[in-house]
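Asks: Structure file start34.cif (mmCIF, C-alpha atoms and all ligand atoms) right here:
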```cif
data_entry
loop_
_atom_site.label_atom_id
_atom_site.label_comp_id
_atom_site.auth_asym_id
_atom_site.auth_seq_id
_atom_site.Cartn_x
_atom_site.Cartn_y
_atom_site.Cartn_z
CA MET A 20 149.04 106.46 163.10
CA LEU A 21 147.07 109.46 161.95
CA GLU A 22 148.84 109.16 158.64
CA PHE A 23 147.86 105.49 158.42
CA ILE A 24 144.21 106.33 159.12
CA ALA A 25 144.39 108.98 156.45
CA VAL A 26 145.72 106.37 154.02
CA LEU A 27 142.96 103.94 154.97
CA LYS A 28 140.40 106.68 154.57
CA SER A 29 141.82 107.62 151.21
CA MET A 30 141.80 103.96 150.20
CA GLY A 31 138.17 103.85 151.21
CA LEU A 32 137.57 106.86 149.05
CA ILE A 33 139.40 105.21 146.17
CA LYS A 34 137.31 102.10 146.68
CA ALA A 35 134.18 104.20 146.65
CA ILE A 36 135.31 105.99 143.49
CA SER A 37 136.23 102.65 141.92
CA ALA A 38 132.81 101.29 142.76
CA VAL A 39 131.17 104.29 141.13
CA ILE A 40 133.33 103.93 138.03
CA ALA A 41 132.60 100.20 137.88
CA ALA A 42 128.91 100.91 138.19
CA LEU A 43 129.12 103.46 135.40
CA LEU A 44 131.06 101.06 133.21
CA SER A 45 128.49 98.35 133.80
CA LEU A 46 126.02 100.63 132.11
CA ASN A 47 126.45 101.22 128.44
CA LEU A 48 127.45 104.69 127.43
CA THR A 49 125.93 105.62 124.12
CA LEU A 50 126.26 108.58 121.81
CA ASN A 51 125.44 112.10 122.86
CA GLY A 52 126.39 111.31 126.43
CA VAL A 53 123.12 109.57 127.14
CA ILE A 54 123.36 106.63 129.49
CA TYR A 55 120.90 103.81 129.05
CA ALA A 56 120.71 100.68 131.10
CA ASP A 57 119.76 97.46 129.38
CA GLY A 58 116.31 96.10 129.99
CA ASN A 59 114.69 99.41 130.80
CA ASP A 60 110.95 99.85 130.95
CA ASN A 61 110.73 100.66 127.28
CA ASP A 62 112.53 97.57 126.03
CA PRO A 63 109.88 96.06 123.78
CA GLY A 64 111.71 92.72 123.65
CA ASP A 65 112.91 90.98 120.50
CA TYR A 66 110.69 90.63 117.47
CA LYS A 67 111.14 88.53 114.37
CA ASN A 68 109.69 91.25 112.16
CA VAL A 69 109.90 95.00 112.71
CA ILE A 70 107.98 97.47 110.54
CA ILE A 71 108.12 101.27 110.76
CA MET A 72 105.48 103.19 108.85
CA ILE A 73 106.05 106.90 108.29
CA GLY A 74 103.19 109.14 107.25
CA ASP A 75 105.34 111.99 106.04
CA GLY A 76 103.99 115.26 107.46
CA MET A 77 101.14 113.49 109.30
CA GLY A 78 100.20 115.36 112.46
CA PHE A 79 97.46 114.76 115.03
CA ASN A 80 95.19 117.16 113.20
CA HIS A 81 95.62 115.25 109.95
CA ILE A 82 94.33 112.20 111.82
CA ASP A 83 91.45 114.11 113.44
CA TRP A 84 90.56 115.58 110.05
CA MET A 85 90.50 112.08 108.55
CA GLU A 86 88.33 110.83 111.40
CA GLN A 87 85.88 113.65 110.73
CA GLU A 88 85.89 112.70 107.05
CA TYR A 89 85.58 108.94 107.34
CA GLY A 90 84.40 108.20 110.86
CA ILE A 91 86.49 106.48 113.47
CA ASP A 92 85.69 102.91 112.38
CA GLU A 93 86.66 103.37 108.78
CA ALA A 94 89.74 105.42 109.54
CA TYR A 95 91.46 102.26 110.62
CA MET A 96 94.86 103.46 111.73
CA PHE A 97 93.38 106.11 113.88
CA SER A 98 91.22 103.86 116.01
CA MET A 99 93.01 100.54 116.15
CA THR A 100 95.93 101.01 118.51
CA ASP A 101 95.92 100.74 122.27
CA TYR A 102 99.05 102.77 122.71
CA HIS A 103 99.19 106.38 121.68
CA GLY A 104 102.31 108.38 122.27
CA GLN A 105 103.95 111.36 120.67
CA SER A 106 107.20 112.10 118.93
CA LYS A 107 109.08 115.36 119.41
CA THR A 108 110.41 116.09 115.95
CA SER A 109 113.14 118.74 116.20
CA SER A 110 116.44 118.32 114.37
CA SER A 111 119.87 119.14 115.78
CA ASN A 112 119.96 122.65 114.33
CA ASN A 113 116.31 123.64 114.06
CA ILE A 114 113.18 123.18 116.14
CA VAL A 115 111.40 122.57 112.82
CA THR A 116 112.91 119.55 111.13
CA ASP A 117 112.98 118.77 107.45
CA SER A 118 112.38 115.26 106.14
CA ALA A 119 116.08 114.43 105.86
CA ALA A 120 116.91 115.10 109.50
CA GLY A 121 113.55 113.61 110.46
CA ALA A 122 114.36 110.39 108.62
CA THR A 123 117.82 110.32 110.20
CA ALA A 124 116.39 110.50 113.71
CA LEU A 125 113.99 107.66 112.90
CA SER A 126 116.56 105.52 111.10
CA SER A 127 119.75 106.15 113.08
CA GLY A 128 118.89 107.26 116.61
CA VAL A 129 120.71 110.52 115.96
CA ARG A 130 119.51 114.06 115.48
CA THR A 131 121.34 115.71 112.62
CA ASN A 132 121.13 119.02 110.75
CA ASN A 133 118.30 119.76 108.35
CA GLY A 134 119.19 118.55 104.88
CA ALA A 135 121.49 115.76 106.09
CA ILE A 136 120.72 112.07 105.64
CA ALA A 137 122.14 109.52 108.11
CA VAL A 138 125.29 111.52 108.87
CA PHE A 139 126.32 113.16 112.13
CA PRO A 140 125.89 116.91 112.63
CA GLN A 141 129.51 116.98 113.84
CA ASP A 142 130.67 115.34 110.60
CA GLN A 143 128.17 116.55 108.07
CA TYR A 144 130.13 115.19 105.17
CA GLY A 145 130.31 111.71 106.64
CA VAL A 146 134.08 111.78 106.21
CA ALA A 147 135.02 109.87 109.35
CA TYR A 148 131.95 108.21 110.82
CA VAL A 149 128.33 107.68 109.93
CA PRO A 150 125.56 106.46 112.23
CA LEU A 151 124.44 102.88 111.76
CA THR A 152 120.89 102.73 110.39
CA LEU A 153 118.17 100.33 111.53
CA THR A 154 118.35 98.77 108.08
CA GLU A 155 122.04 98.01 108.54
CA LEU A 156 121.45 96.81 112.08
CA ALA A 157 118.67 94.48 110.90
CA ARG A 158 120.95 93.06 108.19
CA SER A 159 123.58 92.33 110.83
CA TYR A 160 120.92 90.25 112.60
CA GLY A 161 120.34 88.28 109.40
CA LYS A 162 117.04 89.93 108.66
CA MET A 163 115.85 90.76 105.19
CA THR A 164 115.34 94.49 104.64
CA GLY A 165 113.06 96.60 102.51
CA VAL A 166 112.01 100.17 101.77
CA VAL A 167 108.67 101.03 100.17
CA THR A 168 107.60 104.60 99.43
CA THR A 169 105.32 106.68 97.22
CA ASP A 170 108.24 109.10 96.80
CA SER A 171 111.11 108.56 94.38
CA ASN A 172 113.86 106.22 95.57
CA HIS A 173 116.18 109.14 96.44
CA GLY A 174 113.60 110.97 98.57
CA ALA A 175 114.75 112.04 102.01
CA THR A 176 112.80 109.40 103.93
CA PRO A 177 113.77 106.33 101.89
CA GLY A 178 117.26 107.82 101.69
CA GLY A 179 117.49 107.85 105.48
CA PHE A 180 117.05 104.07 105.53
CA SER A 181 119.35 103.23 102.63
CA ALA A 182 122.14 105.81 102.24
CA HIS A 183 124.43 108.27 104.05
CA VAL A 184 124.83 111.70 102.42
CA PHE A 185 125.40 115.19 103.75
CA ASP A 186 122.90 116.78 101.35
CA ARG A 187 119.47 115.39 100.54
CA ASP A 188 119.75 116.79 97.01
CA GLU A 189 122.48 114.31 96.12
CA ASP A 190 120.00 112.26 94.11
CA VAL A 191 122.57 110.37 92.09
CA GLU A 192 124.76 109.54 95.09
CA ILE A 193 121.77 108.33 97.15
CA THR A 194 120.74 106.11 94.25
CA ARG A 195 124.33 104.88 93.78
CA GLN A 196 124.59 103.88 97.43
CA GLN A 197 121.22 102.14 97.29
CA ILE A 198 122.21 100.12 94.24
CA GLU A 199 125.89 99.51 94.96
CA GLU A 200 126.22 99.48 98.74
CA SER A 201 122.96 99.31 100.66
CA GLY A 202 122.54 95.54 100.61
CA LEU A 203 118.77 95.92 100.85
CA ASP A 204 116.60 93.17 99.44
CA LEU A 205 113.90 95.46 98.11
CA ILE A 206 113.53 99.17 97.31
CA TRP A 207 110.24 100.11 95.67
CA SER A 208 109.33 103.67 94.82
CA ALA A 209 108.15 106.10 92.20
CA ALA A 210 110.49 106.24 89.22
CA SER A 211 113.43 108.61 89.36
CA GLY A 212 114.84 107.81 85.94
CA LEU A 213 118.25 107.17 87.52
CA VAL A 214 118.29 103.36 87.28
CA ASP A 215 118.08 101.24 84.16
CA ASP A 216 118.14 97.47 83.69
CA ALA A 217 121.87 97.28 82.98
CA TYR A 218 122.85 99.25 86.10
CA ALA A 219 120.44 97.29 88.31
CA ASN A 220 121.57 93.94 86.93
CA GLU A 221 125.25 94.76 87.35
CA TYR A 222 124.71 94.90 91.12
CA GLY A 223 122.36 91.95 91.42
CA TRP A 224 119.03 93.76 91.30
CA THR A 225 116.04 93.05 89.09
CA LEU A 226 114.48 96.30 87.91
CA LEU A 227 110.67 96.43 88.11
CA ASP A 228 109.10 99.23 86.09
CA SER A 229 105.65 97.98 85.15
CA MET A 230 102.66 96.28 86.75
CA ALA A 231 103.58 93.12 84.84
CA ASP A 232 107.09 93.18 86.39
CA PHE A 233 105.57 93.86 89.81
CA GLU A 234 103.12 90.96 89.58
CA ALA A 235 105.72 88.56 88.23
CA VAL A 236 108.47 89.12 90.80
CA GLN A 237 108.91 86.28 93.27
CA PRO A 238 110.52 85.99 96.73
CA GLY A 239 114.23 85.37 96.45
CA THR A 240 114.69 88.17 93.90
CA ARG A 241 116.38 91.43 94.92
CA SER A 242 114.18 94.01 93.30
CA PHE A 243 114.42 97.74 92.62
CA GLY A 244 110.96 99.10 91.83
CA GLN A 245 110.70 102.21 89.64
CA PHE A 246 107.01 102.75 88.98
CA ALA A 247 105.47 105.57 86.99
CA GLY A 248 102.31 107.22 88.20
CA ASN A 249 100.88 108.30 91.52
CA LEU A 250 101.58 105.47 93.94
CA TRP A 251 99.81 107.41 96.72
CA ASN A 252 96.51 107.22 94.87
CA PRO A 253 94.69 103.86 94.58
CA GLU A 254 93.50 105.14 91.18
CA THR A 255 97.16 105.23 90.24
CA GLY A 256 96.68 103.66 86.83
CA ALA A 257 96.93 100.19 85.38
CA ASP A 258 100.70 100.07 85.10
CA SER A 259 101.61 100.94 88.70
CA PRO A 260 100.88 99.44 92.11
CA ASP A 261 99.63 101.72 94.91
CA LEU A 262 101.19 101.93 98.37
CA SER A 263 99.04 99.28 100.03
CA THR A 264 99.48 96.86 97.12
CA MET A 265 103.25 97.37 97.17
CA THR A 266 103.43 96.93 100.94
CA VAL A 267 101.44 93.69 101.04
CA LYS A 268 103.66 92.21 98.34
CA ALA A 269 106.82 93.55 99.94
CA ILE A 270 105.97 91.69 103.16
CA ASP A 271 105.34 88.55 101.12
CA MET A 272 108.75 88.99 99.46
CA LEU A 273 110.56 89.44 102.78
CA ASP A 274 108.87 87.09 105.23
CA ASP A 275 110.28 83.75 104.12
CA ASP A 276 113.53 84.29 106.03
CA ALA A 277 113.65 82.49 109.40
CA ASP A 278 115.44 85.54 110.87
CA GLY A 279 112.54 87.80 109.88
CA PHE A 280 112.63 91.19 108.25
CA PHE A 281 112.81 94.95 108.77
CA LEU A 282 110.64 97.12 106.55
CA MET A 283 110.19 100.89 106.25
CA VAL A 284 106.98 102.06 104.57
CA GLU A 285 106.47 105.72 103.74
CA GLY A 286 103.36 107.57 102.66
CA ALA A 287 105.20 110.58 101.24
CA HIS A 288 102.27 112.47 99.78
CA ILE A 289 100.51 113.40 103.01
CA ASP A 290 103.39 115.86 103.26
CA LYS A 291 103.52 116.91 99.63
CA HIS A 292 99.79 117.69 99.44
CA SER A 293 99.94 119.47 102.80
CA HIS A 294 102.72 121.74 101.49
CA SER A 295 100.38 122.78 98.68
CA ASN A 296 97.38 122.89 101.05
CA ASP A 297 95.63 120.49 98.67
CA GLU A 298 92.97 119.10 100.98
CA ALA A 299 91.40 116.66 98.51
CA ASN A 300 94.65 114.98 97.50
CA MET A 301 96.05 115.04 101.05
CA LYS A 302 93.01 113.04 102.11
CA ILE A 303 93.43 110.54 99.26
CA ALA A 304 97.08 110.05 100.24
CA ALA A 305 96.24 109.76 103.95
CA LYS A 306 93.44 107.28 103.24
CA GLU A 307 95.79 105.15 101.16
CA PHE A 308 98.36 105.26 103.97
CA ASP A 309 95.60 104.20 106.36
CA GLU A 310 94.66 101.29 104.06
CA THR A 311 98.31 100.30 104.12
CA VAL A 312 98.40 100.43 107.91
CA LYS A 313 95.32 98.25 108.01
CA ALA A 314 96.93 95.64 105.77
CA VAL A 315 100.13 95.65 107.83
CA ILE A 316 98.25 95.28 111.13
CA GLU A 317 96.24 92.40 109.69
CA TYR A 318 99.51 90.71 108.71
CA ALA A 319 100.97 91.33 112.18
CA LYS A 320 97.85 89.91 113.85
CA ALA A 321 97.96 86.77 111.75
CA GLU A 322 101.73 86.29 111.89
CA GLY A 323 102.51 87.32 115.49
CA ASP A 324 106.06 88.19 116.57
CA THR A 325 105.80 91.40 114.55
CA LEU A 326 106.18 94.94 115.89
CA VAL A 327 104.54 97.76 113.94
CA VAL A 328 105.31 101.38 114.74
CA ILE A 329 103.42 104.13 112.93
CA THR A 330 104.59 107.71 113.17
CA ALA A 331 105.53 110.81 111.19
CA ASP A 332 108.76 112.71 110.70
CA HIS A 333 107.03 116.07 111.36
CA GLU A 334 103.72 117.84 110.84
CA THR A 335 103.13 119.76 107.59
CA GLY A 336 100.63 122.55 106.98
CA ALA A 337 100.12 123.64 110.61
CA ILE A 338 96.55 122.38 110.47
CA LYS A 339 94.31 124.13 112.98
CA VAL A 340 90.64 123.95 113.93
CA LYS A 341 88.60 127.10 113.47
CA ASP A 342 84.87 127.07 114.22
CA GLY A 343 84.88 123.29 114.12
CA LYS A 344 86.55 123.16 110.72
CA PHE A 345 90.06 121.99 109.95
CA GLU A 346 92.25 124.15 107.77
CA PHE A 347 95.85 124.49 106.69
CA THR A 348 97.47 127.58 108.14
CA SER A 349 100.88 127.23 106.49
CA GLY A 350 102.63 125.70 103.51
CA SER A 351 105.55 124.51 105.57
CA HIS A 352 106.48 122.07 108.29
CA SER A 353 105.57 122.90 111.89
CA ASN A 354 107.21 121.85 115.11
CA ALA A 355 104.07 120.19 116.51
CA ASN A 356 104.52 116.80 118.11
CA VAL A 357 103.33 113.97 115.87
CA PRO A 358 101.49 110.72 116.61
CA LEU A 359 103.29 107.55 117.65
CA LEU A 360 101.11 104.45 117.36
CA VAL A 361 102.27 100.95 118.18
CA TYR A 362 100.91 97.51 117.42
CA GLY A 363 102.48 94.48 119.07
CA SER A 364 104.08 95.84 122.24
CA ASP A 365 102.78 97.08 125.58
CA ASN A 366 106.21 98.38 126.52
CA PHE A 367 107.27 100.44 123.52
CA ILE A 368 105.43 103.60 124.53
CA LYS A 369 103.38 104.59 127.54
CA GLU A 370 99.97 106.08 126.91
CA GLY A 371 100.47 109.76 126.25
CA GLU A 372 104.26 109.58 126.55
CA ALA A 373 106.13 112.11 124.41
CA ILE A 374 109.61 111.02 123.35
CA LYS A 375 112.23 112.43 121.04
CA ASN A 376 112.12 111.16 117.46
CA LYS A 377 115.58 109.59 117.86
CA GLU A 378 114.32 107.56 120.84
CA ILE A 379 111.84 105.79 118.54
CA SER A 380 114.65 104.29 116.50
CA ARG A 381 116.55 103.31 119.64
CA ARG A 382 113.54 101.36 120.86
CA LEU A 383 113.12 99.83 117.38
CA ALA A 384 116.75 98.73 117.53
CA MET A 385 116.02 96.93 120.79
CA ALA A 386 113.05 95.24 119.11
CA ILE A 387 115.39 94.08 116.34
CA GLY A 388 117.54 92.54 119.08
CA ALA A 389 120.25 95.09 119.79
CA ASP A 390 121.35 96.27 123.20
CA SER A 391 122.39 99.82 123.95
CA SER A 392 126.03 99.18 123.00
CA GLU A 393 124.89 98.43 119.46
CA PHE A 394 122.60 101.37 118.76
CA PRO A 395 122.92 104.24 118.23
CA LYS A 396 126.38 103.56 116.92
CA ALA A 397 129.05 105.36 114.92
CA VAL A 398 130.47 103.33 112.07
CA LYS A 399 133.85 104.20 110.57
CA VAL A 400 133.68 105.25 106.95
CA GLU A 401 135.86 103.08 104.75
CA ASN A 402 137.36 104.84 101.78
ZN ZN A 501 108.79 114.93 105.86
#
```
Could I get this file's structure written as structure tokens?
Replies:
Amino acid sequence: MLEFIAVLKSMGLIKAISAVIAALLSLNLTLNGVIYADGNDNDPGDYKNVIIMIGDGMGFNHIDWMEQEYGIDEAYMFSMTDYHGQSKTSSSNNIVTDSAAGATALSSGVRTNNGAIAVFPQDQYGVAYVPLTLTELARSYGKMTGVVTTDSNHGATPGGFSAHVFDRDEDVEITRQQIEESGLDLIWSAASGLVDDAYANEYGWTLLDSMADFEAVQPGTRSFGQFAGNLWNPETGADSPDLSTMTVKAIDMLDDDADGFFLMVEGAHIDKHSHSNDEANMKIAAKEFDETVKAVIEYAKAEGDTLVVITADHETGAIKVKDGKFEFTSGSHSNANVPLLVYGSDNFIKEGEAIKNKEISRRLAMAIGADSSEFPKAVKVEN
């Protein structure tokens, strides 16, 4: 009898253990051992169009400096959003991230090592698995996809949304993957000299390398933009579009699809001019990024069903305030948290909430329509 009770008790224990296991299995286990339940507080819901805008190197003090320069009404980005959060920018192997690992966190929901683009830190060469990017996820949902940047096409940030490489300096391989494998509908950037008409055409792209090409291209054309000149500066020159002009047209190129689109827009030169502590040009680049944000928000307001997330991959220049004046105190990246601004969702970020950079892309994936079994996700490399 005692034995029987012991068996019953042990069965009860087994039942209890089974219930716990069942409960765990009913949740979705994602990468890095993080358990997320579906429908959590930060689920922004599904959006037809999802746009991430990355001011490369843009910290809170860049924004405050711009507000001091232009006033809060004119500095559109910096006064328009209701929801202000923060992103914690570290990479997997350094508290100070570079742009490659920063882009990976924002594109793939994974923190990787500095220098790596959309590959896992455990498999830096991307031999076995690579993390799915938001661009690839959006394509799987039938959305059109685009990347627009003031950097060259193989820069770390555009690379993070269009290629998987273990070393950000693999310019040719990043470009090859963009042209031959990415499946994007649009990649517009400063010219790298790595793509000509014949190569673009072979893989179904139309190469745009002049203002005439840019103005002539129509929706329905897959286009690879390679523009000379300073795309970060609205005085870029007659033969090149600037960032805001490119972005407005990119949206027009992508928004005819009933399934919507996913677009990454990068203002790369906030970072570059912060590295060189070039205040005047940093401000021109930041103002142009702000103009681009304004245009995107106006589109989202008019269109509806569009989520816009504005953030940075890291802060550059360690800007500090001394005696009421802003100044660069370094020529490198810092580990300061960076702004996270949202238009279109009350749920994406709580006021003042600080989240890891990789969590931003997870929430964007949910906005695209994924659940936590779909993102972040390891994809087997086929070769
Ligand atoms: Zn960067």
Asks: Any chance you could tabulate, as a tab-separated table, the residues of chain A at most 8 Å from ligand ZN 501 (chain A) with each one's nearest atom pair and distance in Å to one decimal, using only C-alpha atoms and all ligand atoms, in chain and rising number order?
Replies:
```
residue	atom	partner	partner_atom	distance
A:Asp75	CA	A:ZN501	ZN	4.5
A:Gly76	CA	A:ZN501	ZN	5.1
A:Asp117	CA	A:ZN501	ZN	5.9
A:Ser118	CA	A:ZN501	ZN	3.6
A:Ala119	CA	A:ZN501	ZN	7.3
A:Gly121	CA	A:ZN501	ZN	6.7
A:Ala122	CA	A:ZN501	ZN	7.7
A:Ala175	CA	A:ZN501	ZN	7.7
A:Thr176	CA	A:ZN501	ZN	7.1
A:Ala287	CA	A:ZN501	ZN	7.3
A:Asp290	CA	A:ZN501	ZN	6.1
A:Ala331	CA	A:ZN501	ZN	7.5
A:Asp332	CA	A:ZN501	ZN	5.3
A:His333	CA	A:ZN501	ZN	5.9
A:Glu334	CA	A:ZN501	ZN	7.7
A:Thr335	CA	A:ZN501	ZN	7.6
A:His352	CA	A:ZN501	ZN	7.9
```
Asks: Tell me which of A:Gly161, A:Gly286, A:Gly174, A:Pro260 sits closest to A:Leu203, counting all atoms listed in the file.
Replies: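 Once distances to A:Leu203 are computed over all atoms listed in the file, the minimum belongs to A:Gly161.
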Asks: Using all atoms listed in the file, find the one residue out of A:Glu310, A:Glu401, A:Glu221, A:Glu370 that sits nearest to A:Ala94.
Replies: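 So, comparing all the options, the nearest one is A:Glu310.
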Asks: Which residue gives the smallest distance to A:Met272 among A:Ala314, A:Ile82, A:Ala386, A:Ala235, with all atoms listed in the file counted?
Replies: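 Of A:Ala314, A:Ile82, A:Ala386, A:Ala235, the one nearest A:Met272 is A:Ala235, counting all atoms listed in the file.
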Asks: One number please: atom CA of A:Ser351 to atom CA of A:Ala210, in Å, one decimal.
Replies: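 Answer for the atom CA of A:Ser351 to atom CA of A:Ala210 separation: 25.0 Å.
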Asks: Which residue out of A:Gln237, A:Asn61, A:Asn252, A:Ser293 has the minimum interatomic distance to A:Ile368 when all atoms listed in the file are used?
Replies: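 Checking each of A:Gln237, A:Asn61, A:Asn252, A:Ser293 against A:Ile368, counting all atoms listed in the file, the winner is A:Asn61.
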Asks: Work out how far atom CA of A:Ala373 is from atom CA of A:Ile338, in Å to one decimal.
Replies: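 These two atoms are separated by 19.8 Å.
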Asks: Report, in Å to a single decimal, how far apart atom CA of A:Val357 and atom CA of A:Ile374 are.
Replies: 10.2 Å
Asks: For A:Glu86, which of A:Phe281, A:Tyr218, A:Tyr66, A:Phe345 is the closest residue, counting only C-alpha atoms?
Replies: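 Of all the options, A:Phe345 lies closest to A:Glu86.
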Asks: I need the residue nearest A:Leu262 from this list: A:Asn249, A:Asn172, A:Gln105, A:Ser380. Use only C-alpha atoms for the distance.
Replies: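 Looking only at the distances to A:Leu262, the closest residue turns out to be A:Asn249.
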Asks: Neighbours of A:Gln87 within 12 Å (all atoms listed in the file; same-chain residues fewer than 2 positions away dropped), as a short mmCIF file (atom, residue, chain, number, x, y, z; two decimals) with C-alpha atoms, keeping the file's coordinate frame?
Replies:
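Resulting contents of around-v6.cif:
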```
data_model
loop_
_atom_site.label_atom_id
_atom_site.label_comp_id
_atom_site.auth_asym_id
_atom_site.auth_seq_id
_atom_site.Cartn_x
_atom_site.Cartn_y
_atom_site.Cartn_z
CA ASN A 80 95.19 117.16 113.20
CA HIS A 81 95.62 115.25 109.95
CA ILE A 82 94.33 112.20 111.82
CA ASP A 83 91.45 114.11 113.44
CA TRP A 84 90.56 115.58 110.05
CA MET A 85 90.50 112.08 108.55
CA TYR A 89 85.58 108.94 107.34
CA GLY A 90 84.40 108.20 110.86
CA ILE A 91 86.49 106.48 113.47
CA ASP A 92 85.69 102.91 112.38
CA GLU A 93 86.66 103.37 108.78
CA ALA A 94 89.74 105.42 109.54
CA PHE A 97 93.38 106.11 113.88
CA LYS A 302 93.01 113.04 102.11
CA VAL A 340 90.64 123.95 113.93
CA GLY A 343 84.88 123.29 114.12
CA LYS A 344 86.55 123.16 110.72
CA PHE A 345 90.06 121.99 109.95
#
```
Asks: Quick one: residues within 9 Å of A:Asn296, all atoms listed in the file counted, chain neighbours fewer than 4 positions away excluded, as a PyMOL selection string?
Replies: chain A and resi 291-292+301+336+346-350
Asks: For A:Glu378, list every protein, DNA or RNA residue within 9 Å, evaluated using all atoms listed in the file, and leave out those in the same chain fewer than 2 positions away; present the list as a list in words.
Replies: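 The residues satisfying every condition are Ser106, Ala124, Leu125, Gly128, Val129, Ile374, Lys375, Asn376, Ser380, Arg381, Arg382 and Leu383 of chain A.
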Asks: Residues near A:Gly239, anyone? I mean within 12 Å using only C-alpha atoms, not counting same-chain ones fewer than 4 positions away, as a PyMOL selection string.
Replies: chain A and resi 163+204-205+223-225+269+271-276
Asks: Could you name the residues that touch A:Leu156 at 12 Å or less, counting only C-alpha atoms, but leaving out those on the same chain fewer than 2 positions away, as a PyMOL selection string?
Replies: chain A and resi 69+126-128+150-154+158-164+180-181+201-203+280-281+380-381+383-390+393-398
